[in-house]
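Undergrad: My structure is in final-v4.cif, and what it holds is mmCIF, C-alpha atoms:
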data_model
loop_
_atom_site.group_PDB
_atom_site.id
_atom_site.type_symbol
_atom_site.label_atom_id
_atom_site.label_comp_id
_atom_site.auth_asym_id
_atom_site.auth_seq_id
_atom_site.Cartn_x
_atom_site.Cartn_y
_atom_site.Cartn_z
ATOM 1 C CA MET G 1 0.000 0.000 0.000
ATOM 2 C CA GLN G 2 1.273 3.441 -0.911
ATOM 3 C CA GLY G 3 0.440 6.606 0.957
ATOM 4 C CA TYR G 4 -0.630 9.967 -0.445
ATOM 5 C CA LYS G 5 1.676 12.960 -0.478
ATOM 6 C CA VAL G 6 0.361 15.802 1.670
ATOM 7 C CA LYS G 7 0.500 19.368 0.377
ATOM 8 C CA GLU G 8 2.688 21.720 2.414
ATOM 9 C CA PHE G 9 1.543 25.267 3.051
ATOM 10 C CA GLY G 10 4.532 26.734 4.909
ATOM 11 C CA ARG G 11 2.285 27.678 7.818
ATOM 12 C CA PRO G 12 0.194 25.886 10.414
ATOM 13 C CA VAL G 13 -3.202 24.689 9.219
ATOM 14 C CA LYS G 14 -6.188 23.000 10.779
ATOM 15 C CA ARG G 15 -8.025 19.998 9.435
ATOM 16 C CA TYR G 16 -11.685 19.053 9.250
ATOM 17 C CA VAL G 17 -12.784 15.485 8.555
ATOM 18 C CA GLN G 18 -16.306 14.630 7.449
ATOM 19 C CA ILE G 19 -18.195 11.569 6.260
ATOM 20 C CA LEU G 20 -21.036 11.007 3.805
ATOM 21 C CA THR G 21 -22.913 7.929 2.575
ATOM 22 C CA LEU G 22 -23.457 7.354 -1.134
ATOM 23 C CA LYS G 23 -26.268 5.321 -2.623
ATOM 24 C CA ASN G 24 -24.981 1.759 -2.801
ATOM 25 C CA GLU G 25 -25.341 1.405 -6.571
ATOM 26 C CA PRO G 26 -22.137 0.687 -8.536
ATOM 27 C CA GLU G 27 -23.181 2.656 -11.640
ATOM 28 C CA LEU G 28 -24.092 5.724 -9.567
ATOM 29 C CA ILE G 29 -20.798 5.487 -7.692
ATOM 30 C CA ARG G 30 -18.943 5.281 -11.027
ATOM 31 C CA GLN G 31 -20.721 8.423 -12.219
ATOM 32 C CA TYR G 32 -20.047 10.160 -8.910
ATOM 33 C CA ARG G 33 -16.341 9.349 -9.176
ATOM 34 C CA TYR G 34 -16.300 10.834 -12.687
ATOM 35 C CA ALA G 35 -18.047 13.998 -11.443
ATOM 36 C CA HIS G 36 -15.115 14.444 -9.047
ATOM 37 C CA SER G 37 -12.405 13.628 -11.591
ATOM 38 C CA LYS G 38 -10.168 16.282 -13.127
ATOM 39 C CA GLU G 39 -12.234 16.081 -16.325
ATOM 40 C CA GLY G 40 -15.675 15.973 -14.720
ATOM 41 C CA PHE G 41 -15.371 18.456 -11.858
ATOM 42 C CA TRP G 42 -17.059 21.819 -12.392
ATOM 43 C CA PRO G 43 -14.497 24.674 -12.433
ATOM 44 C CA GLU G 44 -16.920 27.062 -10.675
ATOM 45 C CA ILE G 45 -17.112 24.706 -7.711
ATOM 46 C CA LYS G 46 -13.337 24.447 -7.426
ATOM 47 C CA ALA G 47 -13.083 28.251 -7.577
ATOM 48 C CA GLY G 48 -15.752 28.612 -4.896
ATOM 49 C CA ILE G 49 -14.005 26.189 -2.550
ATOM 50 C CA LYS G 50 -10.831 28.249 -2.826
ATOM 51 C CA ALA G 51 -12.729 31.564 -2.581
ATOM 52 C CA VAL G 52 -14.079 30.706 0.881
ATOM 53 C CA GLY G 53 -10.549 30.064 2.178
ATOM 54 C CA ILE G 54 -10.158 26.299 1.890
ATOM 55 C CA LEU G 55 -6.540 25.439 1.121
ATOM 56 C CA GLU G 56 -6.986 21.750 0.283
ATOM 57 C CA MET G 57 -9.866 19.304 0.028
ATOM 58 C CA GLU G 58 -9.495 15.569 -0.486
ATOM 59 C CA LEU G 59 -12.142 12.893 -0.920
ATOM 60 C CA TYR G 60 -11.567 9.233 -0.100
ATOM 61 C CA ILE G 61 -14.007 6.443 -0.874
ATOM 62 C CA TYR G 62 -14.508 2.907 0.416
ATOM 63 C CA GLY G 63 -17.536 1.116 -1.000
ATOM 64 C CA ASN G 64 -20.304 3.677 -0.615
ATOM 65 C CA THR G 65 -18.694 5.554 2.269
ATOM 66 C CA GLU G 66 -16.920 8.792 1.476
ATOM 67 C CA VAL G 67 -14.562 10.755 3.716
ATOM 68 C CA MET G 68 -13.621 14.376 3.085
ATOM 69 C CA ILE G 69 -10.507 16.005 4.529
ATOM 70 C CA VAL G 70 -10.375 19.798 4.439
ATOM 71 C CA GLU G 71 -7.336 21.867 5.392
ATOM 72 C CA THR G 72 -7.691 25.549 6.181
ATOM 73 C CA PRO G 73 -5.810 28.444 7.779
ATOM 74 C CA LEU G 74 -5.972 28.532 11.579
ATOM 75 C CA ASP G 75 -8.309 31.558 11.540
ATOM 76 C CA PHE G 76 -10.828 29.840 9.224
ATOM 77 C CA ASP G 77 -14.435 29.905 10.470
ATOM 78 C CA TRP G 78 -16.367 26.891 9.163
ATOM 79 C CA ASN G 79 -19.890 28.312 9.565
ATOM 80 C CA THR G 80 -19.052 31.612 7.878
ATOM 81 C CA ALA G 81 -17.339 29.841 4.989
ATOM 82 C CA MET G 82 -20.188 27.358 4.444
ATOM 83 C CA THR G 83 -22.752 30.175 4.417
ATOM 84 C CA LYS G 84 -20.675 32.008 1.813
ATOM 85 C CA LEU G 85 -20.104 28.822 -0.220
ATOM 86 C CA ALA G 86 -23.842 28.031 -0.313
ATOM 87 C CA GLY G 87 -24.528 31.421 -1.939
ATOM 88 C CA LEU G 88 -21.921 31.205 -4.685
ATOM 89 C CA PRO G 89 -22.928 30.796 -8.360
ATOM 90 C CA ARG G 90 -23.808 27.221 -9.364
ATOM 91 C CA GLN G 91 -23.129 25.854 -5.857
ATOM 92 C CA GLN G 92 -26.713 24.732 -5.194
ATOM 93 C CA GLU G 93 -26.919 23.414 -8.751
ATOM 94 C CA TRP G 94 -23.826 21.305 -7.992
ATOM 95 C CA GLU G 95 -25.295 20.132 -4.668
ATOM 96 C CA ASP G 96 -28.491 19.075 -6.421
ATOM 97 C CA PHE G 97 -26.483 17.301 -9.140
ATOM 98 C CA VAL G 98 -24.313 15.290 -6.731
ATOM 99 C CA GLY G 99 -27.255 14.834 -4.354
ATOM 100 C CA ARG G 100 -28.700 12.224 -6.704
ATOM 101 C CA PHE G 101 -25.727 9.990 -5.795
ATOM 102 C CA GLN G 102 -25.790 10.722 -2.054
ATOM 103 C CA VAL G 103 -28.015 9.544 0.769
ATOM 104 C CA CYS G 104 -29.469 12.947 1.720
ATOM 105 C CA PRO G 105 -32.701 14.935 1.541
ATOM 106 C CA GLU G 106 -33.368 16.638 -1.790
ATOM 107 C CA GLY G 107 -32.119 20.234 -1.922
ATOM 108 C CA SER G 108 -29.524 19.781 0.851
ATOM 109 C CA THR G 109 -26.536 22.090 1.061
ATOM 110 C CA SER G 110 -23.027 20.701 1.372
ATOM 111 C CA ASP G 111 -22.981 21.499 5.084
ATOM 112 C CA GLU G 112 -26.248 19.593 5.585
ATOM 113 C CA LYS G 113 -25.023 16.454 3.772
ATOM 114 C CA TRP G 114 -21.643 15.989 5.369
ATOM 115 C CA HIS G 115 -21.238 14.869 8.991
ATOM 116 C CA LYS G 116 -18.277 16.107 10.987
ATOM 117 C CA MET G 117 -16.118 13.400 12.511
ATOM 118 C CA ASP G 118 -14.550 13.747 15.942
ATOM 119 C CA ARG G 119 -10.856 13.032 16.246
ATOM 120 C CA MET G 120 -10.488 10.382 18.921
ATOM 121 C CA PHE G 121 -6.752 9.623 18.627
ATOM 122 C CA TYR G 122 -3.494 11.028 17.378
ATOM 123 C CA LEU G 123 0.133 10.342 18.253
ATOM 124 C CA TYR G 124 0.251 12.507 21.327
ATOM 125 C CA GLU G 125 3.384 14.617 21.680
ATOM 126 C CA ASP G 126 5.443 14.106 24.844
#
Here is a file; write its structure as structure tokens.

TA:
Amino acid sequence: MQGYKVKEFGRPVKRYVQILTLKNEPELIRQYRYAHSKEGFWPEIKAGIKAVGILEMELYIYGNTEVMIVETPLDFDWNTAMTKLAGLPRQQEWEDFVGRFQVCPEGSTSDEKWHKMDRMFYLYED
């Protein structure tokens, strides 16, 4: 198993980890993966993610479980950023588009779909 290289920002950052359940249908998952590929991802959504102050966002998938890791500056405020993100052009259109692959109520925003995970362990420093 190989690991994934982590982007370096030259400054301290904080990390958010969230989880989401996809519909357990292989063809839908294939389409969902394509929608998040370099070729299939909407450029307006990428621009919006960066515009609200997110430095890096990664998605990991296992079966129909998806994990999102978000890295931000230390002064980043999640609620303010998500409110701003929800109002950006095409954002709700994107949420509705990907919502057909996700287990979530119709019309949900990104912040309503994703569930924050609590960190329960790390290699504690001495």

Undergrad: Hey, what's within 9 Å of Tyr32 (chain G) if we count all atoms listed in the file and toss same-chain stuff fewer than 3 positions away? As JSON, numbers by chain, please?

TA: {"G": [22, 27, 28, 29, 35, 36, 37, 98, 101, 102]}

Undergrad: Return the single residue from G:Met1, G:Gly48, G:Arg100, G:Gly107 that is closest to Gln31 (chain G), with distances computed using all atoms listed in the file.

TA: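 Using all atoms listed in the file, the shortest distance to Gln31 (chain G) belongs to G:Arg100.
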
Undergrad: Applied to the shown file, which residues does the PyMOL selection byres ((chain G and resi 110-117) around 7) return, written as a ChimeraX atom specification?

TA: /G:17-20,82,95,104,108-109,118-119

Undergrad: Figure out the distance between CA of Glu56 (chain G) and CA of Glu71 (chain G), please, to one decimal in Å.

TA: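 According to the coordinates, CA of Glu71 (chain G) and CA of Glu56 (chain G) are separated by 5.1 Å.
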
Undergrad: Using only C-alpha atoms, which protein or nucleic acid residues come within 12 Å of Leu88 (chain G)? Drop anything in the same chain fewer than 6 positions from it, and give the result as an MDAnalysis selection string.

TA: chainID G and resid 44:52 81:82 94:95 109

Undergrad: If you take every atom of region 110-124 of chain G that the file lists and fit an axis-aligned box around them with 8 Å extra on each side, what centre and edge lengths come out in Å to one decimal, as lines of an AutoDock Vina configuration file?

TA:
center_x = -13.0
center_y = 15.6
center_z = 11.3
size_x = 42.5
size_y = 27.9
size_z = 36.0

Undergrad: In Å to one decimal, how far is CA of Phe121 (chain G) from CA of Lys5 (chain G)?

TA: 21.1 Å

Undergrad: Out of G:Arg30, G:Gln2, G:Tyr16, G:Gly10, which residue has the shortest atom-to-atom distance to Gly63 (chain G) when counting all atoms listed in the file?

TA: G:Arg30

Undergrad: Suppose you want the space between CA of Arg15 (chain G) and CA of Ile69 (chain G); what is it in Å?

TA: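 Spanning CA of Arg15 (chain G) to CA of Ile69 (chain G) is a straight-line distance of 6.8 Å.
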
Undergrad: Compare G:Val103, G:Arg11, G:Arg90, G:Leu123 by their minimum atom-to-atom distance to Pro43 (chain G), counting all atoms listed in the file, and give me the closest one.

TA: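 Of G:Val103, G:Arg11, G:Arg90, G:Leu123, the one nearest Pro43 (chain G) is G:Arg90, counting all atoms listed in the file.
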
Undergrad: Residues picked by the PyMOL selection byres ((chain G and resi 72) around 10) here, as a list of chain:residue names?

TA: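 Applying the expression gives G:Phe9, G:Pro12, G:Val13, G:Lys14, G:Arg15, G:Tyr16, G:Lys50, G:Val52, G:Gly53, G:Ile54, G:Leu55, G:Glu56, G:Met57, G:Val70, G:Glu71, G:Pro73, G:Leu74, G:Asp75, G:Phe76, G:Asp77, G:Trp78.
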
Undergrad: Name the closest residue to Thr65 (chain G) among the candidates G:Lys84, G:Lys23, G:Lys38, G:Arg33; distances are taken between atoms, counting all atoms listed in the file.

TA: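 For Thr65 (chain G), the nearest of the candidates is G:Lys23.
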
Undergrad: Let me make sure I understand: among G:Trp42, G:Glu93, G:Tyr124, G:Tyr62, which one has the smallest atom-to-atom distance to Pro26 (chain G) if we use only C-alpha atoms?

TA: G:Tyr62

Undergrad: I'd like to know which of G:Gly99, G:Asn64, G:Asn79, G:Gly87 is closest to Glu25 (chain G), using only C-alpha atoms.

TA: G:Asn64

Undergrad: Can you save region 78-89 of chain G of the given block to a file, including all heavy atoms and formatted as an mmCIF file, in the first residue's frame?

TA:
data_model
loop_
_atom_site.group_PDB
_atom_site.id
_atom_site.type_symbol
_atom_site.label_atom_id
_atom_site.label_comp_id
_atom_site.auth_asym_id
_atom_site.auth_seq_id
_atom_site.Cartn_x
_atom_site.Cartn_y
_atom_site.Cartn_z
ATOM 1 N N TRP G 78 -15.605 27.843 9.972
ATOM 2 C CA TRP G 78 -16.367 26.891 9.163
ATOM 3 C C TRP G 78 -17.759 27.420 8.814
ATOM 4 O O TRP G 78 -18.167 27.390 7.658
ATOM 5 C CB TRP G 78 -16.475 25.551 9.887
ATOM 6 C CG TRP G 78 -17.150 24.517 9.051
ATOM 7 C CD1 TRP G 78 -18.489 24.214 9.020
ATOM 8 C CD2 TRP G 78 -16.540 23.668 8.073
ATOM 9 N NE1 TRP G 78 -18.741 23.230 8.106
ATOM 10 C CE2 TRP G 78 -17.561 22.876 7.519
ATOM 11 C CE3 TRP G 78 -15.221 23.506 7.634
ATOM 12 C CZ2 TRP G 78 -17.299 21.928 6.532
ATOM 13 C CZ3 TRP G 78 -14.971 22.557 6.653
ATOM 14 C CH2 TRP G 78 -15.999 21.786 6.112
ATOM 15 N N ASN G 79 -18.509 27.885 9.805
ATOM 16 C CA ASN G 79 -19.890 28.312 9.565
ATOM 17 C C ASN G 79 -19.963 29.498 8.603
ATOM 18 O O ASN G 79 -20.806 29.521 7.700
ATOM 19 C CB ASN G 79 -20.589 28.631 10.879
ATOM 20 C CG ASN G 79 -20.780 27.385 11.721
ATOM 21 O OD1 ASN G 79 -20.892 26.278 11.207
ATOM 22 N ND2 ASN G 79 -20.803 27.556 13.028
ATOM 23 N N THR G 80 -19.081 30.458 8.776
ATOM 24 C CA THR G 80 -19.052 31.612 7.878
ATOM 25 C C THR G 80 -18.732 31.177 6.455
ATOM 26 O O THR G 80 -19.384 31.599 5.497
ATOM 27 C CB THR G 80 -18.012 32.645 8.368
ATOM 28 O OG1 THR G 80 -18.370 33.061 9.688
ATOM 29 C CG2 THR G 80 -17.926 33.837 7.447
ATOM 30 N N ALA G 81 -17.750 30.304 6.315
ATOM 31 C CA ALA G 81 -17.339 29.841 4.989
ATOM 32 C C ALA G 81 -18.445 29.044 4.305
ATOM 33 O O ALA G 81 -18.682 29.203 3.104
ATOM 34 C CB ALA G 81 -16.065 29.010 5.091
ATOM 35 N N MET G 82 -19.133 28.178 5.052
ATOM 36 C CA MET G 82 -20.188 27.358 4.444
ATOM 37 C C MET G 82 -21.384 28.212 4.026
ATOM 38 O O MET G 82 -22.014 27.952 2.995
ATOM 39 C CB MET G 82 -20.621 26.239 5.385
ATOM 40 C CG MET G 82 -19.563 25.162 5.589
ATOM 41 S SD MET G 82 -18.968 24.383 4.053
ATOM 42 C CE MET G 82 -17.338 25.126 3.887
ATOM 43 N N THR G 83 -21.682 29.253 4.800
ATOM 44 C CA THR G 83 -22.752 30.175 4.417
ATOM 45 C C THR G 83 -22.393 30.884 3.121
ATOM 46 O O THR G 83 -23.204 31.008 2.199
ATOM 47 C CB THR G 83 -23.022 31.193 5.545
ATOM 48 O OG1 THR G 83 -23.427 30.468 6.715
ATOM 49 C CG2 THR G 83 -24.086 32.191 5.159
ATOM 50 N N LYS G 84 -21.139 31.341 3.034
ATOM 51 C CA LYS G 84 -20.675 32.008 1.813
ATOM 52 C C LYS G 84 -20.680 31.040 0.635
ATOM 53 O O LYS G 84 -21.148 31.385 -0.456
ATOM 54 C CB LYS G 84 -19.272 32.576 2.038
ATOM 55 C CG LYS G 84 -18.714 33.323 0.849
ATOM 56 C CD LYS G 84 -17.337 33.903 1.129
ATOM 57 C CE LYS G 84 -16.763 34.593 -0.092
ATOM 58 N NZ LYS G 84 -15.404 35.105 0.154
ATOM 59 N N LEU G 85 -20.173 29.824 0.850
ATOM 60 C CA LEU G 85 -20.104 28.822 -0.220
ATOM 61 C C LEU G 85 -21.501 28.522 -0.775
ATOM 62 O O LEU G 85 -21.689 28.453 -1.987
ATOM 63 C CB LEU G 85 -19.459 27.533 0.295
ATOM 64 C CG LEU G 85 -19.242 26.421 -0.726
ATOM 65 C CD1 LEU G 85 -18.220 26.849 -1.769
ATOM 66 C CD2 LEU G 85 -18.792 25.151 -0.033
ATOM 67 N N ALA G 86 -22.484 28.371 0.113
ATOM 68 C CA ALA G 86 -23.842 28.031 -0.313
ATOM 69 C C ALA G 86 -24.444 29.090 -1.229
ATOM 70 O O ALA G 86 -25.303 28.780 -2.055
ATOM 71 C CB ALA G 86 -24.737 27.825 0.910
ATOM 72 N N GLY G 87 -23.988 30.338 -1.124
ATOM 73 C CA GLY G 87 -24.528 31.421 -1.939
ATOM 74 C C GLY G 87 -23.781 31.694 -3.227
ATOM 75 O O GLY G 87 -24.177 32.579 -3.988
ATOM 76 N N LEU G 88 -22.714 30.961 -3.484
ATOM 77 C CA LEU G 88 -21.921 31.205 -4.685
ATOM 78 C C LEU G 88 -22.610 30.649 -5.938
ATOM 79 O O LEU G 88 -23.382 29.685 -5.852
ATOM 80 C CB LEU G 88 -20.531 30.599 -4.543
ATOM 81 C CG LEU G 88 -19.637 31.269 -3.492
ATOM 82 C CD1 LEU G 88 -18.307 30.538 -3.387
ATOM 83 C CD2 LEU G 88 -19.408 32.736 -3.829
ATOM 84 N N PRO G 89 -22.311 31.247 -7.107
ATOM 85 C CA PRO G 89 -22.928 30.796 -8.360
ATOM 86 C C PRO G 89 -22.708 29.304 -8.614
ATOM 87 O O PRO G 89 -21.607 28.796 -8.422
ATOM 88 C CB PRO G 89 -22.224 31.632 -9.436
ATOM 89 C CG PRO G 89 -21.714 32.827 -8.711
ATOM 90 C CD PRO G 89 -21.403 32.365 -7.313
#
